[in-house]
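Reviewing the structure listed below.
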Amino acid sequence: MSTDKVKKSSLLASAGLVSGATAFSRIFGLIREQTMAYYFGVSASTDAFVTAFRIPNLLRDLFAEGALSSAFVPVFKEKLVNESDREAFSLARTVATSILVVVGGIVLLGIIASPIIIFISAKGFTADPAKFDLTVSLTRLMFVYLLLVSLSALVMGILNSFGRFGIPAIAPAVFNLGIILSVVILHSFLDVPIYAMAVGVLVGGLGQLAIQLPPLLKIGFRFRPRFNFLDEGVKKVVKLFTPMVIGMSAGRINIIVNTLLASFLMGGSITYLNYSYRLMHFPLGVFAVALGTVALPRASETAAKGDMEEMGRTFSEALGLNLFLILPSAAFLAVIGPDIVELVYRWGAFSQEDAANTALALLHYSYGLIGFAAVRVTVPIYYALKDSKLPAKLSVISVALN
């Protein structure tokens with residue numbers, strides 16, 4: 001392996017870089033939510049957008065930034081450590097080709113089946129045909145985002161394996177910026193203004209992928225279609241990927257059930273949950289996700305070398321840093337959540353009642369943050385050891401208990 005291409009740094013330094021870049025991205029994420037709150041407040045159209053975006057977004061967690069990236073990095077890193085850049089890049093080309101074929105097919109099916117998907121996930125909307133039809137239309141438009149973000153996640157995994165964490169971590173800021181600019185520019189030109197949010201999702205998805213291409217080219221990767229789907233490396237990725245999807249699907253069932261239940265509640269309920277979830281996700285992304293992102297390639301490298309002592313140190317350091325940062329964050333959200341909601345969202349069309357309901361949801365999300373965060377740095381260690389079955393089993397059990 002050409003080690004000159006791989007940047008070496010401590011877990012703390014790498015996590016600090018990713019946390020800083022992620023914080024920047026999350027700030028843009030909050031501005032994105034502020035933009036939606038300012039222009040649309042809480043309404044039937046925001047419920048429709050949040051529900052519509054939740055479908056490709058959940059699949060993104062499964063096929064892209066969740067299972068795909070976590071299954072790909074250990075196998076890719078193993079090839080980098082034990083074989084060569086050439087073999088690792090060959091694997092990446094095959095996986096990229098698979099994404100174009102498989103995820104492209106899923107996107108096509110999703111567009112066709114959108115009415116059925118919305119009927120199942122938000123049946124309460126059927127009481128308002130206009131709201132239901134709007135949700136279906138938005139879903140169809142945004143399904144293409146799944147393909148863009150899947151390719152983006154693959155590129156992120158390649159760059160992270162080479163020690164390049166900054167640009168992949170900042171890429172979501174480009175996604176959020178795409179939505180913000182689309183709303184500001186297109187809002188007054190559309191007969192149904194909420195479509196500006198959906199167009200922004202596609203513009204942002206393209207930007208998120210495009211910003212990572214220059215560093216990808218710099219490390220020497222060039223894409224060429226490769227259809228060797230029976231390659232041993234691909235088989236290893238699929239072997240890890242399958243139970244990961246099962247485990248992550250179990251967790252996402254809760255979100256779908258929450259959306260279904262909220263669709264029967266008063267108008268705006270889905271939007272309240274979305275706004276509060278975004279605030280909870282800020283410390284989760286800045287600290288826990290950043291640590292998990294850095295820990296996975298580091299742990300995968302030590303696993304490839306068979307150094308279990310170093311693996312233990314990596315896990316202890318990641319979990320310790322995680323809890324040190326997340327526990328105060330959870331307490332902070334629980335205590336001054338209403339003030340945060342007022343500061344972030346209480347503008348334009350967002351009313352005092354909207355703020356109170358969003359703050360109530362945030363209170364209950366705050367103590368769940370501790371468990372979410374711990375999982376984010378624990379599960380990557382299992383993936384690095386190529387054990388994706390135990391996390392899947394525990395995820396299914398947790399959903400059953402819930």
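Following the order of the structure tokens, first chain is A, next is B, and so on, with residues numbered from 1 inside each chain and ligands from 1 in the order they appear.
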
Skip region 352-369 of chain A itself and residues of its chain fewer than 5 positions away, then list as a PyMOL selection string all residues within 10 Å of it, counting only C-alpha atoms. chain A and resi 37+41-42+268-269+271-281+283-284+288+326-327+329-347+374

Which polymer residues have any atom within 12 Å of an atom of region 311-317 of chain A, counting only C-alpha atoms, with same-chain residues fewer than 4 positions away left out, as a PyMOL selection string? chain A and resi 10-12+15+291-292+294-307+321-324+374-382+384-385

Restricting the calculation to only C-alpha atoms, which member of A:Gly371, A:Pro243, A:Pro225, A:Gly267 is positioned closest to Ala392 (chain A)?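 Result for the nearest residue to Ala392 (chain A): A:Pro243.
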
Best match for closeness to Arg226 (chain A) among A:Asn57, A:Ser98, A:Thr51, A:Ser398, counting only C-alpha atoms: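 Using only C-alpha atoms, Arg226 (chain A) sits closest to A:Ser98.
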
Let's see if you can do this: from backbone DSSP, list all helix (DSSP H, G or I) residues in region 215-373 of chain A, as a PyMOL selection string. chain A and resi 215-218+232-262+269-305+308-345+352-373

Expected file: the selected residues, C-alpha atoms, as a CSV table (one decimal), in the first residue's frame:
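Written out: selection.csv:
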```csv
chain,number,residue,atom,x,y,z
A,215,PRO,CA,-10.0,14.9,-3.2
A,216,LEU,CA,-11.1,11.6,-4.6
A,217,LEU,CA,-9.3,12.3,-7.8
A,218,LYS,CA,-6.3,13.5,-5.8
A,232,GLU,CA,-14.7,-11.9,-3.1
A,233,GLY,CA,-14.4,-8.4,-1.7
A,234,VAL,CA,-18.0,-7.6,-2.9
A,235,LYS,CA,-19.2,-10.8,-1.2
A,236,LYS,CA,-17.6,-9.7,2.1
A,237,VAL,CA,-19.3,-6.3,1.8
A,238,VAL,CA,-22.7,-8.0,1.1
A,239,LYS,CA,-22.2,-10.4,4.0
A,240,LEU,CA,-21.7,-7.5,6.4
A,241,PHE,CA,-24.3,-5.3,4.7
A,242,THR,CA,-27.3,-7.7,5.0
A,243,PRO,CA,-27.5,-8.0,8.8
A,244,MET,CA,-26.7,-4.3,9.1
A,245,VAL,CA,-29.7,-3.5,7.0
A,246,ILE,CA,-31.9,-5.8,9.1
A,247,GLY,CA,-30.6,-4.2,12.3
A,248,MET,CA,-30.9,-0.6,11.1
A,249,SER,CA,-34.3,-1.4,9.5
A,250,ALA,CA,-35.5,-2.5,13.0
A,251,GLY,CA,-34.6,0.9,14.4
A,252,ARG,CA,-36.2,2.8,11.5
A,253,ILE,CA,-39.5,1.0,12.0
A,254,ASN,CA,-39.9,3.1,15.2
A,255,ILE,CA,-39.6,6.3,13.1
A,256,ILE,CA,-42.1,5.0,10.5
A,257,VAL,CA,-44.5,4.0,13.4
A,258,ASN,CA,-44.1,7.5,14.9
A,259,THR,CA,-44.9,9.1,11.6
A,260,LEU,CA,-47.9,6.9,11.2
A,261,LEU,CA,-49.3,7.7,14.7
A,262,ALA,CA,-48.5,11.4,14.3
A,269,SER,CA,-47.5,17.0,14.9
A,270,ILE,CA,-45.1,15.5,12.4
A,271,THR,CA,-43.4,18.9,11.9
A,272,TYR,CA,-43.1,19.4,15.7
A,273,LEU,CA,-41.3,16.1,16.0
A,274,ASN,CA,-39.0,17.0,13.0
A,275,TYR,CA,-38.0,20.4,14.4
A,276,SER,CA,-37.2,18.9,17.8
A,277,TYR,CA,-35.4,15.9,16.4
A,278,ARG,CA,-33.1,18.3,14.4
A,279,LEU,CA,-32.1,20.1,17.6
A,280,MET,CA,-31.4,16.8,19.3
A,281,HIS,CA,-29.4,15.7,16.3
A,282,PHE,CA,-27.0,18.6,16.6
A,283,PRO,CA,-24.9,17.3,19.5
A,284,LEU,CA,-25.4,13.7,18.2
A,285,GLY,CA,-23.8,14.6,14.9
A,286,VAL,CA,-21.1,16.9,16.2
A,287,PHE,CA,-19.8,14.5,18.8
A,288,ALA,CA,-21.1,11.0,18.6
A,289,VAL,CA,-21.4,10.6,14.8
A,290,ALA,CA,-18.0,12.3,14.4
A,291,LEU,CA,-16.3,9.9,16.8
A,292,GLY,CA,-18.0,6.9,15.2
A,293,THR,CA,-16.9,8.1,11.7
A,294,VAL,CA,-13.3,8.3,12.9
A,295,ALA,CA,-13.4,5.1,15.0
A,296,LEU,CA,-14.5,2.9,12.1
A,297,PRO,CA,-11.5,3.2,9.8
A,298,ARG,CA,-9.1,3.3,12.8
A,299,ALA,CA,-10.7,0.1,14.3
A,300,SER,CA,-10.8,-1.6,10.8
A,301,GLU,CA,-7.1,-1.0,10.4
A,302,THR,CA,-6.2,-2.5,13.8
A,303,ALA,CA,-8.6,-5.4,13.1
A,304,ALA,CA,-6.9,-6.1,9.8
A,305,LYS,CA,-3.5,-6.1,11.7
A,308,MET,CA,-6.8,-6.4,19.7
A,309,GLU,CA,-5.0,-4.4,22.4
A,310,GLU,CA,-5.0,-1.3,20.2
A,311,MET,CA,-8.7,-2.0,19.3
A,312,GLY,CA,-9.6,-1.9,23.0
A,313,ARG,CA,-7.8,1.4,23.4
A,314,THR,CA,-9.6,2.9,20.4
A,315,PHE,CA,-13.0,1.8,21.8
A,316,SER,CA,-12.3,3.1,25.3
A,317,GLU,CA,-11.0,6.4,24.0
A,318,ALA,CA,-14.0,6.9,21.7
A,319,LEU,CA,-16.6,5.9,24.3
A,320,GLY,CA,-15.0,8.0,27.0
A,321,LEU,CA,-14.9,11.1,24.8
A,322,ASN,CA,-18.4,10.5,23.7
A,323,LEU,CA,-20.0,10.3,27.2
A,324,PHE,CA,-17.8,13.3,28.3
A,325,LEU,CA,-19.4,15.4,25.7
A,326,ILE,CA,-22.9,13.9,25.4
A,327,LEU,CA,-24.0,13.8,29.0
A,328,PRO,CA,-23.8,17.6,29.5
A,329,SER,CA,-25.4,18.1,26.1
A,330,ALA,CA,-28.4,16.0,27.1
A,331,ALA,CA,-28.8,18.0,30.3
A,332,PHE,CA,-28.5,21.2,28.5
A,333,LEU,CA,-31.3,20.3,26.0
A,334,ALA,CA,-33.5,19.1,28.8
A,335,VAL,CA,-33.1,22.2,31.0
A,336,ILE,CA,-33.1,25.1,28.5
A,337,GLY,CA,-34.8,23.4,25.5
A,338,PRO,CA,-37.7,25.9,25.4
A,339,ASP,CA,-35.2,28.8,25.1
A,340,ILE,CA,-33.3,27.0,22.4
A,341,VAL,CA,-36.5,26.5,20.4
A,342,GLU,CA,-37.5,30.1,20.8
A,343,LEU,CA,-34.0,31.3,19.7
A,344,VAL,CA,-33.8,29.0,16.7
A,345,TYR,CA,-37.3,28.8,15.3
A,352,GLN,CA,-45.7,30.6,20.2
A,353,GLU,CA,-47.9,27.5,20.3
A,354,ASP,CA,-45.5,25.9,17.7
A,355,ALA,CA,-42.6,26.7,19.9
A,356,ALA,CA,-44.2,25.2,23.0
A,357,ASN,CA,-45.1,21.9,21.3
A,358,THR,CA,-41.6,21.6,19.7
A,359,ALA,CA,-40.0,22.2,23.1
A,360,LEU,CA,-42.1,19.4,24.7
A,361,ALA,CA,-40.9,16.9,22.1
A,362,LEU,CA,-37.3,18.1,22.6
A,363,LEU,CA,-37.5,17.4,26.3
A,364,HIS,CA,-38.2,13.7,25.7
A,365,TYR,CA,-35.7,13.4,22.9
A,366,SER,CA,-33.0,14.8,25.2
A,367,TYR,CA,-32.6,11.8,27.5
A,368,GLY,CA,-32.8,9.5,24.5
A,369,LEU,CA,-29.7,11.3,23.2
A,370,ILE,CA,-27.4,9.4,25.6
A,371,GLY,CA,-28.4,6.0,24.2
A,372,PHE,CA,-28.3,7.2,20.6
A,373,ALA,CA,-24.8,8.5,21.1
```

Using only C-alpha atoms, find each residue in region 37-94 of chain A having at least one atom no more than 12 Å away from region 184-202 of chain A; report its shortest atom-to-atom pair and that distance in Å (one decimal), rows by chain then rising number, as CSV.
```
residue,atom,partner,partner_atom,distance
A:Ala37,CA,A:Ile194,CA,11.4
A:Tyr38,CA,A:Val184,CA,10.6
A:Tyr39,CA,A:His187,CA,8.3
A:Phe40,CA,A:Ile194,CA,7.7
A:Gly41,CA,A:Ile194,CA,11.1
A:Val42,CA,A:Ile194,CA,11.8
A:Ser43,CA,A:Ile194,CA,10.5
A:Ala44,CA,A:Ile194,CA,10.2
A:Ser45,CA,A:Ile194,CA,6.4
A:Thr46,CA,A:Ile194,CA,7.3
A:Asp47,CA,A:Ile194,CA,10.4
A:Ala48,CA,A:Ile194,CA,8.9
A:Phe49,CA,A:Ile194,CA,7.2
A:Val50,CA,A:Met197,CA,9.9
A:Thr51,CA,A:Ala198,CA,11.7
A:Ala52,CA,A:Ala198,CA,9.1
A:Phe53,CA,A:Ala198,CA,8.0
A:Arg54,CA,A:Ala198,CA,11.8
A:Pro56,CA,A:Val201,CA,10.6
A:Asn57,CA,A:Val201,CA,10.4
```

Can you tell me, as a PyMOL selection string, what residues are no more than 10 Å from Leu91 (chain A) when counting only C-alpha atoms, ignoring any on the same chain fewer than 4 positions away? chain A and resi 72+75-76+79+85-87+95-97+226+228-229+231-234+237

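Counting only C-alpha atoms, the residue from A:Phe165, A:Lys77, A:Thr94, A:Ser152 that sits nearest to Ala21 (chain A) is A:Phe165.
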
Could you pull the residues within 10 Å of Leu213 (chain A), counting only C-alpha atoms, minus those fewer than 3 positions along the same chain, as a ChimeraX atom specification? /A:152,155-156,159,167-168,208-210,216-218,221-222

Those same residues - N, CA and C atoms - I'd like them written as a PDB file, in the first residue's frame.
```
ATOM      1  N   SER A 152     -22.436   9.409  -2.673  1.00  0.00           N
ATOM      2  CA  SER A 152     -21.690  10.308  -1.793  1.00  0.00           C
ATOM      3  C   SER A 152     -21.122   9.557  -0.587  1.00  0.00           C
ATOM      4  N   VAL A 155     -18.060   7.511  -1.614  1.00  0.00           N
ATOM      5  CA  VAL A 155     -16.888   8.385  -1.745  1.00  0.00           C
ATOM      6  C   VAL A 155     -16.363   8.764  -0.365  1.00  0.00           C
ATOM      7  N   MET A 156     -17.279   9.060   0.567  1.00  0.00           N
ATOM      8  CA  MET A 156     -16.873   9.388   1.931  1.00  0.00           C
ATOM      9  C   MET A 156     -16.091   8.243   2.560  1.00  0.00           C
ATOM     10  N   LEU A 159     -12.543   8.149   1.102  1.00  0.00           N
ATOM     11  CA  LEU A 159     -11.714   9.244   1.611  1.00  0.00           C
ATOM     12  C   LEU A 159     -11.356   9.039   3.086  1.00  0.00           C
ATOM     13  N   ILE A 167     -13.240  17.168   4.222  1.00  0.00           N
ATOM     14  CA  ILE A 167     -14.189  17.441   3.130  1.00  0.00           C
ATOM     15  C   ILE A 167     -15.448  16.577   3.247  1.00  0.00           C
ATOM     16  N   PRO A 168     -15.332  15.245   3.512  1.00  0.00           N
ATOM     17  CA  PRO A 168     -16.566  14.458   3.674  1.00  0.00           C
ATOM     18  C   PRO A 168     -17.449  14.958   4.812  1.00  0.00           C
ATOM     19  N   GLN A 208     -23.399  17.841  -2.531  1.00  0.00           N
ATOM     20  CA  GLN A 208     -22.751  16.999  -1.526  1.00  0.00           C
ATOM     21  C   GLN A 208     -21.820  15.977  -2.179  1.00  0.00           C
ATOM     22  N   LEU A 209     -22.228  15.451  -3.309  1.00  0.00           N
ATOM     23  CA  LEU A 209     -21.384  14.506  -4.043  1.00  0.00           C
ATOM     24  C   LEU A 209     -20.249  15.227  -4.757  1.00  0.00           C
ATOM     25  N   ALA A 210     -20.559  16.342  -5.401  1.00  0.00           N
ATOM     26  CA  ALA A 210     -19.573  17.039  -6.230  1.00  0.00           C
ATOM     27  C   ALA A 210     -18.393  17.557  -5.426  1.00  0.00           C
ATOM     28  N   LEU A 216     -11.116  12.953  -4.118  1.00  0.00           N
ATOM     29  CA  LEU A 216     -11.144  11.564  -4.568  1.00  0.00           C
ATOM     30  C   LEU A 216     -10.199  11.377  -5.753  1.00  0.00           C
ATOM     31  N   LEU A 217     -10.215  12.319  -6.676  1.00  0.00           N
ATOM     32  CA  LEU A 217      -9.305  12.264  -7.828  1.00  0.00           C
ATOM     33  C   LEU A 217      -7.856  12.435  -7.373  1.00  0.00           C
ATOM     34  N   LYS A 218      -7.657  13.243  -6.326  1.00  0.00           N
ATOM     35  CA  LYS A 218      -6.304  13.519  -5.839  1.00  0.00           C
ATOM     36  C   LYS A 218      -5.625  12.271  -5.293  1.00  0.00           C
ATOM     37  N   PHE A 221      -8.127   7.838  -7.483  1.00  0.00           N
ATOM     38  CA  PHE A 221      -9.264   7.011  -7.889  1.00  0.00           C
ATOM     39  C   PHE A 221      -9.887   7.546  -9.167  1.00  0.00           C
ATOM     40  N   ARG A 222     -10.161   6.660 -10.102  1.00  0.00           N
ATOM     41  CA  ARG A 222     -10.880   6.988 -11.324  1.00  0.00           C
ATOM     42  C   ARG A 222     -11.989   5.961 -11.503  1.00  0.00           C
TER      43      ARG A 222
END
```
